[in-house]
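Shown here: work-v1.pdb, PDB, C-alpha atoms and all ligand atoms.
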ATOM      1  CA  MET A 109     240.435 -97.765 -31.386
ATOM      2  CA  ASN A 110     243.406 -97.930 -33.738
ATOM      3  CA  ARG A 111     246.929 -98.852 -32.635
ATOM      4  CA  LEU A 112     248.210 -95.273 -32.614
ATOM      5  CA  MET A 113     245.436 -94.119 -30.290
ATOM      6  CA  LEU A 114     246.020 -97.123 -28.050
ATOM      7  CA  SER A 115     249.774 -96.341 -27.811
ATOM      8  CA  ILE A 116     249.033 -92.706 -26.918
ATOM      9  CA  LEU A 117     246.530 -93.781 -24.274
ATOM     10  CA  LEU A 118     248.998 -96.245 -22.762
ATOM     11  CA  ALA A 119     251.807 -93.649 -22.782
ATOM     12  CA  CYS A 120     249.540 -91.196 -20.935
ATOM     13  CA  LEU A 121     248.614 -93.817 -18.359
ATOM     14  CA  ILE A 122     252.197 -94.765 -17.514
ATOM     15  CA  MET A 123     253.629 -91.227 -17.439
ATOM     16  CA  THR A 124     254.047 -89.742 -13.987
ATOM     17  CA  PRO A 125     251.924 -86.658 -13.345
ATOM     18  CA  THR A 126     255.062 -84.469 -13.443
ATOM     19  CA  ALA A 127     256.282 -85.944 -16.711
ATOM     20  CA  ALA A 128     252.809 -85.596 -18.187
ATOM     21  CA  ALA A 129     252.591 -81.974 -17.042
ATOM     22  CA  ALA A 130     256.002 -81.224 -18.510
ATOM     23  CA  ALA A 131     255.125 -82.906 -21.796
ATOM     24  CA  GLU A 132     252.004 -80.755 -22.030
ATOM     25  CA  GLY A 133     254.081 -77.633 -21.448
ATOM     26  CA  GLY A 134     252.957 -77.480 -17.812
ATOM     27  CA  PRO A 135     255.204 -76.793 -14.852
ATOM     28  CA  GLN A 136     258.429 -78.737 -14.771
ATOM     29  CA  LYS A 137     259.879 -80.153 -11.596
ATOM     30  CA  VAL A 138     263.215 -78.408 -11.177
ATOM     31  CA  LEU A 139     266.276 -79.269  -9.092
ATOM     32  CA  VAL A 140     269.092 -76.771  -8.624
ATOM     33  CA  VAL A 141     272.473 -78.354  -7.858
ATOM     34  CA  TYR A 142     275.308 -75.933  -7.216
ATOM     35  CA  TYR A 143     278.759 -75.405  -5.798
ATOM     36  CA  SER A 144     279.841 -72.034  -4.481
ATOM     37  CA  ASN A 145     283.127 -71.166  -2.829
ATOM     38  CA  SER A 146     282.698 -67.474  -2.063
ATOM     39  CA  GLY A 147     278.911 -67.061  -2.246
ATOM     40  CA  ASN A 148     278.257 -65.602  -5.718
ATOM     41  CA  THR A 149     276.798 -68.767  -7.231
ATOM     42  CA  LYS A 150     274.913 -69.445  -3.987
ATOM     43  CA  ALA A 151     273.120 -66.107  -4.344
ATOM     44  CA  VAL A 152     272.053 -67.030  -7.889
ATOM     45  CA  ALA A 153     270.909 -70.490  -6.764
ATOM     46  CA  GLU A 154     268.744 -68.878  -4.101
ATOM     47  CA  LYS A 155     267.203 -66.573  -6.691
ATOM     48  CA  LEU A 156     266.441 -69.565  -8.896
ATOM     49  CA  GLN A 157     264.810 -71.309  -5.962
ATOM     50  CA  ALA A 158     262.646 -68.270  -5.211
ATOM     51  CA  LYS A 159     261.599 -67.891  -8.841
ATOM     52  CA  THR A 160     260.904 -71.552  -9.683
ATOM     53  CA  GLY A 161     260.113 -73.233  -6.363
ATOM     54  CA  ALA A 162     262.950 -75.630  -7.180
ATOM     55  CA  ASP A 163     264.499 -77.962  -4.682
ATOM     56  CA  VAL A 164     268.124 -77.047  -4.058
ATOM     57  CA  TYR A 165     271.165 -79.194  -3.350
ATOM     58  CA  ARG A 166     274.479 -77.591  -2.436
ATOM     59  CA  LEU A 167     277.624 -79.503  -3.372
ATOM     60  CA  GLU A 168     280.296 -79.442  -0.678
ATOM     61  CA  THR A 169     283.795 -80.805  -0.843
ATOM     62  CA  VAL A 170     285.341 -83.065   1.787
ATOM     63  CA  ARG A 171     288.550 -81.072   1.630
ATOM     64  CA  THR A 172     288.561 -77.440   2.713
ATOM     65  CA  TYR A 173     289.996 -75.101   0.100
ATOM     66  CA  PRO A 174     292.486 -72.421   1.127
ATOM     67  CA  ALA A 175     290.823 -69.147   2.069
ATOM     68  CA  GLU A 176     293.570 -67.073   0.492
ATOM     69  CA  HIS A 177     292.898 -66.358  -3.212
ATOM     70  CA  LYS A 178     296.341 -67.158  -4.650
ATOM     71  CA  ALA A 179     296.564 -70.427  -2.722
ATOM     72  CA  LEU A 180     293.052 -71.337  -3.894
ATOM     73  CA  THR A 181     293.782 -70.603  -7.545
ATOM     74  CA  ASP A 182     297.033 -72.617  -7.327
ATOM     75  CA  GLU A 183     295.181 -75.546  -5.778
ATOM     76  CA  ALA A 184     292.401 -75.405  -8.390
ATOM     77  CA  LYS A 185     295.048 -75.331 -11.138
ATOM     78  CA  ARG A 186     296.773 -78.357  -9.678
ATOM     79  CA  GLU A 187     293.486 -80.266  -9.475
ATOM     80  CA  LEU A 188     292.785 -79.504 -13.119
ATOM     81  CA  GLU A 189     296.267 -80.373 -14.330
ATOM     82  CA  GLU A 190     296.325 -83.631 -12.384
ATOM     83  CA  ASN A 191     292.616 -84.383 -12.944
ATOM     84  CA  ASP A 192     292.396 -84.719  -9.158
ATOM     85  CA  LEU A 193     288.724 -83.894  -8.705
ATOM     86  CA  PRO A 194     287.766 -83.207  -5.068
ATOM     87  CA  ALA A 195     285.602 -85.745  -3.239
ATOM     88  CA  LEU A 196     282.125 -84.485  -2.379
ATOM     89  CA  LYS A 197     280.445 -84.728   1.006
ATOM     90  CA  GLY A 198     277.427 -87.004   1.322
ATOM     91  CA  ALA A 199     275.371 -88.842  -1.272
ATOM     92  CA  LEU A 200     274.499 -87.287  -4.607
ATOM     93  CA  PRO A 201     271.010 -85.842  -4.878
ATOM     94  CA  ASP A 202     268.351 -88.221  -6.165
ATOM     95  CA  MET A 203     267.502 -86.726  -9.561
ATOM     96  CA  SER A 204     264.893 -89.328 -10.513
ATOM     97  CA  SER A 205     261.781 -87.238  -9.899
ATOM     98  CA  TYR A 206     262.961 -84.078 -11.690
ATOM     99  CA  ASP A 207     262.439 -82.937 -15.276
ATOM    100  CA  LEU A 208     265.109 -80.260 -15.327
ATOM    101  CA  ILE A 209     268.369 -80.041 -13.376
ATOM    102  CA  LEU A 210     270.023 -76.615 -13.203
ATOM    103  CA  VAL A 211     273.697 -77.038 -12.356
ATOM    104  CA  GLY A 212     275.604 -74.021 -11.074
ATOM    105  CA  GLY A 213     279.160 -73.177 -10.188
ATOM    106  CA  PRO A 214     281.931 -70.652 -10.520
ATOM    107  CA  VAL A 215     284.221 -70.491 -13.528
ATOM    108  CA  TRP A 216     287.647 -71.738 -12.453
ATOM    109  CA  TRP A 217     290.509 -71.398 -14.883
ATOM    110  CA  TYR A 218     288.164 -70.748 -17.817
ATOM    111  CA  THR A 219     286.280 -73.981 -17.268
ATOM    112  CA  VAL A 220     283.897 -75.778 -14.905
ATOM    113  CA  ALA A 221     285.026 -75.615 -11.251
ATOM    114  CA  THR A 222     286.455 -78.969 -10.188
ATOM    115  CA  PRO A 223     283.759 -79.718  -7.537
ATOM    116  CA  VAL A 224     281.121 -79.385 -10.267
ATOM    117  CA  MET A 225     283.247 -81.603 -12.526
ATOM    118  CA  GLN A 226     283.231 -84.189  -9.756
ATOM    119  CA  PHE A 227     279.433 -84.027  -9.601
ATOM    120  CA  LEU A 228     279.170 -84.386 -13.391
ATOM    121  CA  ASP A 229     281.580 -87.302 -13.275
ATOM    122  CA  GLN A 230     279.234 -89.168 -10.915
ATOM    123  CA  ALA A 231     275.840 -88.084 -12.232
ATOM    124  CA  ASP A 232     273.836 -89.706 -15.010
ATOM    125  CA  PHE A 233     271.330 -87.398 -16.683
ATOM    126  CA  ALA A 234     269.582 -90.061 -18.775
ATOM    127  CA  GLY A 235     266.050 -88.887 -19.507
ATOM    128  CA  LYS A 236     266.726 -85.448 -18.001
ATOM    129  CA  LYS A 237     267.173 -81.967 -19.294
ATOM    130  CA  THR A 238     269.926 -79.889 -17.787
ATOM    131  CA  ALA A 239     271.263 -76.376 -18.114
ATOM    132  CA  ALA A 240     274.349 -74.809 -16.596
ATOM    133  CA  PHE A 241     274.604 -71.474 -14.831
ATOM    134  CA  CYS A 242     277.900 -69.984 -13.787
ATOM    135  CA  THR A 243     279.324 -66.907 -12.158
ATOM    136  CA  HIS A 244     282.650 -65.453 -13.211
ATOM    137  CA  ALA A 245     284.927 -62.434 -13.190
ATOM    138  CA  GLY A 246     284.895 -61.745 -16.920
ATOM    139  CA  GLY A 247     286.263 -64.840 -18.655
ATOM    140  CA  VAL A 248     283.867 -67.767 -19.095
ATOM    141  CA  GLY A 249     286.231 -69.516 -21.509
ATOM    142  CA  MET A 250     285.252 -73.121 -22.234
ATOM    143  CA  TYR A 251     282.754 -73.483 -19.361
ATOM    144  CA  PHE A 252     279.688 -74.303 -21.438
ATOM    145  CA  PRO A 253     281.267 -76.634 -24.024
ATOM    146  CA  HIS A 254     283.063 -78.492 -21.241
ATOM    147  CA  PHE A 255     279.837 -78.709 -19.217
ATOM    148  CA  LYS A 256     278.078 -80.185 -22.231
ATOM    149  CA  GLU A 257     280.821 -82.771 -22.750
ATOM    150  CA  GLN A 258     280.699 -83.818 -19.099
ATOM    151  CA  ALA A 259     276.918 -83.979 -18.501
ATOM    152  CA  LYS A 260     276.447 -87.620 -19.428
ATOM    153  CA  ASN A 261     273.311 -88.559 -21.403
ATOM    154  CA  ALA A 262     271.684 -85.177 -20.834
ATOM    155  CA  VAL A 263     269.672 -82.987 -23.115
ATOM    156  CA  VAL A 264     271.713 -79.837 -22.487
ATOM    157  CA  LEU A 265     269.791 -76.580 -22.831
ATOM    158  CA  GLU A 266     271.216 -73.080 -23.144
ATOM    159  CA  GLY A 267     273.274 -71.910 -20.177
ATOM    160  CA  LEU A 268     273.461 -68.654 -18.234
ATOM    161  CA  SER A 269     276.607 -66.788 -17.215
ATOM    162  CA  LEU A 270     276.533 -63.945 -14.724
ATOM    163  CA  LEU A 271     279.250 -61.625 -13.602
ATOM    164  CA  GLY A 272     280.442 -62.334 -10.031
ATOM    165  CA  ASN A 273     278.650 -60.502  -7.315
ATOM    166  CA  THR A 274     275.678 -59.148  -9.285
ATOM    167  CA  ALA A 275     272.828 -61.317  -8.012
ATOM    168  CA  ASP A 276     271.010 -58.336  -6.512
ATOM    169  CA  GLU A 277     271.091 -56.172  -9.623
ATOM    170  CA  ALA A 278     267.925 -55.604 -11.648
ATOM    171  CA  SER A 279     269.714 -56.613 -14.863
ATOM    172  CA  THR A 280     270.538 -59.976 -13.294
ATOM    173  CA  ASP A 281     266.897 -60.560 -12.433
ATOM    174  CA  LYS A 282     265.989 -59.807 -16.024
ATOM    175  CA  ALA A 283     268.673 -62.136 -17.372
ATOM    176  CA  ILE A 284     267.531 -64.935 -15.051
ATOM    177  CA  ASP A 285     263.866 -64.477 -15.981
ATOM    178  CA  ALA A 286     264.659 -64.475 -19.709
ATOM    179  CA  TRP A 287     266.784 -67.601 -19.296
ATOM    180  CA  LEU A 288     264.171 -69.490 -17.267
ATOM    181  CA  ALA A 289     261.524 -68.686 -19.870
ATOM    182  CA  LYS A 290     263.607 -70.518 -22.497
ATOM    183  CA  LEU A 291     264.168 -73.706 -20.502
ATOM    184  CA  HIS A 292     261.605 -76.126 -21.883
TER     185      HIS A 292
HETATM  186  C1  LIG A 301     290.324 -70.863  -8.459
HETATM  187  C2  LIG A 301     289.602 -69.741  -9.168
HETATM  188  C3  LIG A 301     289.719 -69.610 -10.527
HETATM  189  C4  LIG A 301     288.991 -68.620 -11.203
HETATM  190  N1  LIG A 301     289.067 -68.563 -12.562
HETATM  191  C5  LIG A 301     288.310 -67.663 -13.222
HETATM  192  C6  LIG A 301     288.308 -67.616 -14.647
HETATM  193  O1  LIG A 301     288.987 -68.383 -15.330
HETATM  194  N2  LIG A 301     287.522 -66.696 -15.255
HETATM  195  C7  LIG A 301     286.753 -65.816 -14.549
HETATM  196  O2  LIG A 301     286.063 -65.003 -15.141
HETATM  197  N3  LIG A 301     286.724 -65.844 -13.196
HETATM  198  C8  LIG A 301     287.463 -66.750 -12.522
HETATM  199  N4  LIG A 301     287.424 -66.795 -11.144
HETATM  200  C9  LIG A 301     286.461 -65.919 -10.438
HETATM  201  C10 LIG A 301     285.185 -66.669 -10.062
HETATM  202  O3  LIG A 301     284.663 -67.365 -11.173
HETATM  203  C11 LIG A 301     284.097 -65.706  -9.571
HETATM  204  O4  LIG A 301     284.567 -64.947  -8.518
HETATM  205  C12 LIG A 301     282.851 -66.492  -9.151
HETATM  206  O5  LIG A 301     281.748 -65.609  -9.110
HETATM  207  C13 LIG A 301     283.015 -67.152  -7.787
HETATM  208  O6  LIG A 301     281.826 -67.853  -7.489
HETATM  209  P1  LIG A 301     281.479 -68.356  -6.017
HETATM  210  O7  LIG A 301     281.432 -67.101  -5.144
HETATM  211  O8  LIG A 301     280.152 -68.985  -6.157
HETATM  212  O9  LIG A 301     282.555 -69.292  -5.584
HETATM  213  C14 LIG A 301     288.169 -67.735 -10.478
HETATM  214  C15 LIG A 301     288.104 -67.837  -9.082
HETATM  215  C16 LIG A 301     288.803 -68.827  -8.433
HETATM  216  C17 LIG A 301     288.707 -68.940  -6.942
END
Can you turn what I pasted into structure tokens?
Ligand SMILES: Cc1cc2nc3c(=O)[nH]c(=O)nc-3n(C[C@H](O)[C@H](O)[C@H](O)COP(=O)(O)O)c2cc1C
Amino acid sequence: MNRLMLSILLACLIMTPTAAAAAEGGPQKVLVVYYSNSGNTKAVAEKLQAKTGADVYRLETVRTYPAEHKALTDEAKRELEENDLPALKGALPDMSSYDLILVGGPVWWYTVATPVMQFLDQADFAGKKTAAFCTHAGGVGMYFPHFKEQAKNAVVLEGLSLLGNTADEASTDKAIDAWLAKLH
């Protein structure tokens, strides 16, 4: 047996079954991590779970945001301007056993919502693939470039943006299916 064959054999032996399956183009183990303030991103996360069998982790903030829209947008603006990212409840999800992490959130002020920024600030994606999905009201702005900058050590795949409250529409299903098919 030459050295190349030996290295391949050893690599196969030490790879976990999931990693080996993913490397062969088999099913990937997927984790969906998301934040949702008013439910739109949550609905998409639930669709992703149903379609992929992914595990799902919902990010929640320690502080409660104002319910009133203007007060919420003012608070989000302040957090961004002061880089005062909100603390998250509980421990971060353990990402070690996943191949692909789908990270979702709303667009806030044309960028990544601050609770998702907080998650990205704490997470290390070394050895992982990730892709962002977001919901918005028409202006995605810098969401995806900022996500890419903030997802440390990740292989960042193409993202998906969906208009607000459209999770139940047939076109959304199609867009999600087409997106998932590309995530390898
Ligand atoms: C603080 C705040 C800022 C927002 N900024 C934007 C924005 O810049 N562009 C946009 O298209 N929608 C913006 N929106 C609308 C949300 O992105 C949209 O309603 C989203 O679907 C909410 O997701 P959620 O229900 O999961 O919280 C903003 C909403 C809030 C509360």
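The space between CA of Trp216 (chain A) and atom C2 of ligand LIG 301 (chain A) spans 4.3 Å.
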TODO: Residues up to 8 Å from ligand LIG 301 (chain A), counting all atoms listed in the file: could you list those as a ChimeraX atom specification?
DONE: /A:143-151,177,180-185,213-219,221,242-249,270-273
Give as a short mmCIF file (atom, residue, chain, number, x, y, z; two decimals) with C-alpha atoms, in the coordinates of the input each residue that has an atom at most 12 Å from (271.8, -80.4, -20.8) in the file, counting all atoms listed in the file.
data_model
loop_
_atom_site.label_atom_id
_atom_site.label_comp_id
_atom_site.auth_asym_id
_atom_site.auth_seq_id
_atom_site.Cartn_x
_atom_site.Cartn_y
_atom_site.Cartn_z
CA ASP A 207 262.44 -82.94 -15.28
CA LEU A 208 265.11 -80.26 -15.33
CA ILE A 209 268.37 -80.04 -13.38
CA LEU A 210 270.02 -76.61 -13.20
CA VAL A 211 273.70 -77.04 -12.36
CA LEU A 228 279.17 -84.39 -13.39
CA ASP A 232 273.84 -89.71 -15.01
CA PHE A 233 271.33 -87.40 -16.68
CA ALA A 234 269.58 -90.06 -18.77
CA GLY A 235 266.05 -88.89 -19.51
CA LYS A 236 266.73 -85.45 -18.00
CA LYS A 237 267.17 -81.97 -19.29
CA THR A 238 269.93 -79.89 -17.79
CA ALA A 239 271.26 -76.38 -18.11
CA ALA A 240 274.35 -74.81 -16.60
CA PHE A 241 274.60 -71.47 -14.83
CA PHE A 252 279.69 -74.30 -21.44
CA PRO A 253 281.27 -76.63 -24.02
CA HIS A 254 283.06 -78.49 -21.24
CA PHE A 255 279.84 -78.71 -19.22
CA LYS A 256 278.08 -80.18 -22.23
CA GLU A 257 280.82 -82.77 -22.75
CA GLN A 258 280.70 -83.82 -19.10
CA ALA A 259 276.92 -83.98 -18.50
CA LYS A 260 276.45 -87.62 -19.43
CA ASN A 261 273.31 -88.56 -21.40
CA ALA A 262 271.68 -85.18 -20.83
CA VAL A 263 269.67 -82.99 -23.12
CA VAL A 264 271.71 -79.84 -22.49
CA LEU A 265 269.79 -76.58 -22.83
CA GLU A 266 271.22 -73.08 -23.14
CA GLY A 267 273.27 -71.91 -20.18
CA LEU A 291 264.17 -73.71 -20.50
CA HIS A 292 261.60 -76.13 -21.88
#
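Proximity to Lys197 (chain A) was assessed for A:Met250, A:Leu167, A:Val220, A:Ala179 counting all atoms listed in the file; the smallest distance is recorded for A:Leu167.
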Task: Lys155 (chain A) surroundings by only C-alpha atoms, 9 Å radius, close-in-sequence under 5 positions cut, as number ranges by chain - done: A: 150, 160, 275, 281, 284
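Note that the spacing between CA of Val140 (chain A) and CA of Val164 (chain A) amounts to 4.7 Å.
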Could the centre and edge lengths of an axis-aligned box, enclosing all atoms of region 248-254 of chain A in the file with 4 Å extra on each side, be given in Å to one decimal as AutoDock Vina command-line options?
--center_x 283.0 --center_y -73.1 --center_z -21.6 --size_x 14.5 --size_y 18.7 --size_z 12.9
Task: Distance of CA of Leu288 (chain A) from CA of Ala199 (chain A), expressed in Å to one decimal place - done: 27.5 Å
- [ ] Evaluate the PyMOL selection byres (((chain A and resi 196) around 12) and not hetatm) on the structure here and hand back the selected residues as number ranges by chain.
- [x] A: 142-143, 166-172, 193-195, 197-201, 222-230
Would you mind writing region 147-172 of chain A with N, CA, C and O atoms, as a PDB file, keeping the file's coordinate frame?
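Once everything was written out, this is out.pdb:
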ATOM      1  N   GLY A 147     280.276 -67.550  -2.456  1.00  0.00           N
ATOM      2  CA  GLY A 147     278.911 -67.061  -2.246  1.00  0.00           C
ATOM      3  C   GLY A 147     278.195 -66.510  -3.470  1.00  0.00           C
ATOM      4  O   GLY A 147     276.972 -66.341  -3.444  1.00  0.00           O
ATOM      5  N   ASN A 148     278.923 -66.212  -4.553  1.00  0.00           N
ATOM      6  CA  ASN A 148     278.257 -65.602  -5.718  1.00  0.00           C
ATOM      7  C   ASN A 148     277.265 -66.569  -6.378  1.00  0.00           C
ATOM      8  O   ASN A 148     276.127 -66.206  -6.695  1.00  0.00           O
ATOM      9  N   THR A 149     277.686 -67.784  -6.587  1.00  0.00           N
ATOM     10  CA  THR A 149     276.798 -68.767  -7.231  1.00  0.00           C
ATOM     11  C   THR A 149     275.656 -69.144  -6.285  1.00  0.00           C
ATOM     12  O   THR A 149     274.531 -69.391  -6.722  1.00  0.00           O
ATOM     13  N   LYS A 150     275.954 -69.156  -4.986  1.00  0.00           N
ATOM     14  CA  LYS A 150     274.913 -69.445  -3.987  1.00  0.00           C
ATOM     15  C   LYS A 150     273.785 -68.419  -4.098  1.00  0.00           C
ATOM     16  O   LYS A 150     272.594 -68.771  -4.069  1.00  0.00           O
ATOM     17  N   ALA A 151     274.141 -67.160  -4.253  1.00  0.00           N
ATOM     18  CA  ALA A 151     273.120 -66.107  -4.344  1.00  0.00           C
ATOM     19  C   ALA A 151     272.236 -66.323  -5.579  1.00  0.00           C
ATOM     20  O   ALA A 151     271.013 -66.111  -5.528  1.00  0.00           O
ATOM     21  N   VAL A 152     272.837 -66.767  -6.672  1.00  0.00           N
ATOM     22  CA  VAL A 152     272.053 -67.030  -7.889  1.00  0.00           C
ATOM     23  C   VAL A 152     271.153 -68.249  -7.673  1.00  0.00           C
ATOM     24  O   VAL A 152     269.969 -68.240  -8.045  1.00  0.00           O
ATOM     25  N   ALA A 153     271.701 -69.281  -7.031  1.00  0.00           N
ATOM     26  CA  ALA A 153     270.909 -70.490  -6.764  1.00  0.00           C
ATOM     27  C   ALA A 153     269.676 -70.140  -5.917  1.00  0.00           C
ATOM     28  O   ALA A 153     268.576 -70.650  -6.156  1.00  0.00           O
ATOM     29  N   GLU A 154     269.874 -69.268  -4.960  1.00  0.00           N
ATOM     30  CA  GLU A 154     268.744 -68.878  -4.101  1.00  0.00           C
ATOM     31  C   GLU A 154     267.697 -68.097  -4.890  1.00  0.00           C
ATOM     32  O   GLU A 154     266.493 -68.240  -4.680  1.00  0.00           O
ATOM     33  N   LYS A 155     268.152 -67.283  -5.819  1.00  0.00           N
ATOM     34  CA  LYS A 155     267.203 -66.573  -6.691  1.00  0.00           C
ATOM     35  C   LYS A 155     266.410 -67.568  -7.538  1.00  0.00           C
ATOM     36  O   LYS A 155     265.198 -67.430  -7.720  1.00  0.00           O
ATOM     37  N   LEU A 156     267.111 -68.548  -8.064  1.00  0.00           N
ATOM     38  CA  LEU A 156     266.441 -69.565  -8.896  1.00  0.00           C
ATOM     39  C   LEU A 156     265.404 -70.319  -8.070  1.00  0.00           C
ATOM     40  O   LEU A 156     264.301 -70.613  -8.545  1.00  0.00           O
ATOM     41  N   GLN A 157     265.753 -70.614  -6.842  1.00  0.00           N
ATOM     42  CA  GLN A 157     264.810 -71.309  -5.962  1.00  0.00           C
ATOM     43  C   GLN A 157     263.565 -70.443  -5.738  1.00  0.00           C
ATOM     44  O   GLN A 157     262.430 -70.925  -5.834  1.00  0.00           O
ATOM     45  N   ALA A 158     263.776 -69.166  -5.472  1.00  0.00           N
ATOM     46  CA  ALA A 158     262.646 -68.270  -5.211  1.00  0.00           C
ATOM     47  C   ALA A 158     261.754 -68.136  -6.449  1.00  0.00           C
ATOM     48  O   ALA A 158     260.529 -68.070  -6.344  1.00  0.00           O
ATOM     49  N   LYS A 159     262.371 -68.122  -7.618  1.00  0.00           N
ATOM     50  CA  LYS A 159     261.599 -67.891  -8.841  1.00  0.00           C
ATOM     51  C   LYS A 159     260.889 -69.141  -9.351  1.00  0.00           C
ATOM     52  O   LYS A 159     259.874 -69.048 -10.024  1.00  0.00           O
ATOM     53  N   THR A 160     261.465 -70.323  -9.080  1.00  0.00           N
ATOM     54  CA  THR A 160     260.904 -71.552  -9.683  1.00  0.00           C
ATOM     55  C   THR A 160     260.289 -72.494  -8.658  1.00  0.00           C
ATOM     56  O   THR A 160     259.614 -73.448  -9.040  1.00  0.00           O
ATOM     57  N   GLY A 161     260.562 -72.263  -7.367  1.00  0.00           N
ATOM     58  CA  GLY A 161     260.113 -73.233  -6.363  1.00  0.00           C
ATOM     59  C   GLY A 161     260.931 -74.508  -6.405  1.00  0.00           C
ATOM     60  O   GLY A 161     260.521 -75.549  -5.870  1.00  0.00           O
ATOM     61  N   ALA A 162     262.101 -74.440  -7.036  1.00  0.00           N
ATOM     62  CA  ALA A 162     262.950 -75.630  -7.180  1.00  0.00           C
ATOM     63  C   ALA A 162     263.434 -76.141  -5.826  1.00  0.00           C
ATOM     64  O   ALA A 162     263.552 -75.376  -4.868  1.00  0.00           O
ATOM     65  N   ASP A 163     263.712 -77.425  -5.784  1.00  0.00           N
ATOM     66  CA  ASP A 163     264.499 -77.962  -4.682  1.00  0.00           C
ATOM     67  C   ASP A 163     265.963 -77.610  -4.963  1.00  0.00           C
ATOM     68  O   ASP A 163     266.365 -77.480  -6.124  1.00  0.00           O
ATOM     69  N   VAL A 164     266.732 -77.482  -3.892  1.00  0.00           N
ATOM     70  CA  VAL A 164     268.124 -77.047  -4.058  1.00  0.00           C
ATOM     71  C   VAL A 164     269.056 -77.999  -3.319  1.00  0.00           C
ATOM     72  O   VAL A 164     268.776 -78.400  -2.186  1.00  0.00           O
ATOM     73  N   TYR A 165     270.142 -78.348  -3.974  1.00  0.00           N
ATOM     74  CA  TYR A 165     271.165 -79.194  -3.350  1.00  0.00           C
ATOM     75  C   TYR A 165     272.513 -78.500  -3.504  1.00  0.00           C
ATOM     76  O   TYR A 165     272.943 -78.210  -4.625  1.00  0.00           O
ATOM     77  N   ARG A 166     273.167 -78.233  -2.388  1.00  0.00           N
ATOM     78  CA  ARG A 166     274.479 -77.591  -2.436  1.00  0.00           C
ATOM     79  C   ARG A 166     275.582 -78.635  -2.380  1.00  0.00           C
ATOM     80  O   ARG A 166     275.612 -79.458  -1.448  1.00  0.00           O
ATOM     81  N   LEU A 167     276.467 -78.599  -3.363  1.00  0.00           N
ATOM     82  CA  LEU A 167     277.624 -79.503  -3.372  1.00  0.00           C
ATOM     83  C   LEU A 167     278.682 -78.957  -2.411  1.00  0.00           C
ATOM     84  O   LEU A 167     278.996 -77.762  -2.446  1.00  0.00           O
ATOM     85  N   GLU A 168     279.212 -79.852  -1.584  1.00  0.00           N
ATOM     86  CA  GLU A 168     280.296 -79.442  -0.678  1.00  0.00           C
ATOM     87  C   GLU A 168     281.438 -80.437  -0.790  1.00  0.00           C
ATOM     88  O   GLU A 168     281.213 -81.645  -0.924  1.00  0.00           O
ATOM     89  N   THR A 169     282.630 -79.932  -0.716  1.00  0.00           N
ATOM     90  CA  THR A 169     283.795 -80.805  -0.843  1.00  0.00           C
ATOM     91  C   THR A 169     284.234 -81.309   0.540  1.00  0.00           C
ATOM     92  O   THR A 169     284.075 -80.614   1.542  1.00  0.00           O
ATOM     93  N   VAL A 170     284.801 -82.509   0.538  1.00  0.00           N
ATOM     94  CA  VAL A 170     285.341 -83.065   1.787  1.00  0.00           C
ATOM     95  C   VAL A 170     286.525 -82.214   2.239  1.00  0.00           C
ATOM     96  O   VAL A 170     286.629 -81.827   3.395  1.00  0.00           O
ATOM     97  N   ARG A 171     287.390 -81.895   1.277  1.00  0.00           N
ATOM     98  CA  ARG A 171     288.550 -81.072   1.630  1.00  0.00           C
ATOM     99  C   ARG A 171     288.131 -79.600   1.719  1.00  0.00           C
ATOM    100  O   ARG A 171     287.205 -79.167   1.044  1.00  0.00           O
ATOM    101  N   THR A 172     288.814 -78.882   2.587  1.00  0.00           N
ATOM    102  CA  THR A 172     288.561 -77.440   2.713  1.00  0.00           C
ATOM    103  C   THR A 172     289.572 -76.718   1.835  1.00  0.00           C
ATOM    104  O   THR A 172     290.782 -76.934   1.970  1.00  0.00           O
TER     105      THR A 172
END
